[in-house]
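S.K.: One structure coming up, written as structure tokens, with questions to follow.
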Amino acid sequence: MKWTMEHDKICCQIYLDKFIKSATYSDNIKNECILLAKAKGLPQSQGSIRMKFSNIKAICDEVGLEHNSPFKSLENYSQQNKEAFDNVFKTYL
């Protein structure tokens, strides 16, 4: 399933809510994030969503944003993913 800009924005919003705004999280946070994304209507597989969160972690690392994510960083993110992150992040400023 192809990722749309809206799908990327949903994942960026979840990531920022869970790992920027929140100082603590449960041991099962990765699965909670994936299930939340699925509940918000993402048709992608759980593995694909997990990779998307890993891409978002790489973006946060790249821009020097302090966060507390347990996801492994995957640096090969799409330009669309970076644009979605930039758009969502603007609401946090």
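Ordered as shown in the structure tokens, chains take letters A, B, and onward, while each chain numbers its residues from 1 and ligands are numbered from 1 in the order shown.
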Please return as a PyMOL selection string: the residues of chain A that backbone DSSP assigns to helix (DSSP H, G or I).
M.R.: chain A and resi 5-21+29-39+46-63+79-92
S.K.: Residues at most 9 Å from Asn31 (chain A), counting only C-alpha atoms, excluding those fewer than 5 positions away in the same chain, as an mmCIF file with C-alpha atoms, in the first residue's frame?
M.R.:
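The new file out_20.cif reads:
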```cif
data_model
loop_
_atom_site.group_PDB
_atom_site.id
_atom_site.type_symbol
_atom_site.label_atom_id
_atom_site.label_comp_id
_atom_site.auth_asym_id
_atom_site.auth_seq_id
_atom_site.Cartn_x
_atom_site.Cartn_y
_atom_site.Cartn_z
ATOM 1 C CA LEU A 36 -3.025 3.656 17.229
ATOM 2 C CA GLN A 46 2.220 -3.263 11.023
ATOM 3 C CA ARG A 50 6.986 0.287 12.388
#
```
S.K.: Rounded to one decimal in Å, what is the spacing between CA of Lys52 (chain A) and CA of Cys11 (chain A)?
M.R.: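 These two atoms are separated by 7.3 Å.
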S.K.: Give me, please, the distance in Å between CA of Ile14 (chain A) and CA of Ile34 (chain A), quoted to one decimal.
M.R.: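 Those two atoms sit 9.2 Å apart.
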S.K.: What separation in Å, quoted to one decimal, exists between CA of Glu83 (chain A) and CA of Ile49 (chain A)?
M.R.: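 Interatomic distance here is 17.2 Å.
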S.K.: Report as a PyMOL selection string all protein, DNA and RNA residues lying within 8 Å of Ala58 (chain A), evaluated on only C-alpha atoms, omitting residues in the same chain fewer than 5 positions from it.
M.R.: chain A and resi 73-75+77
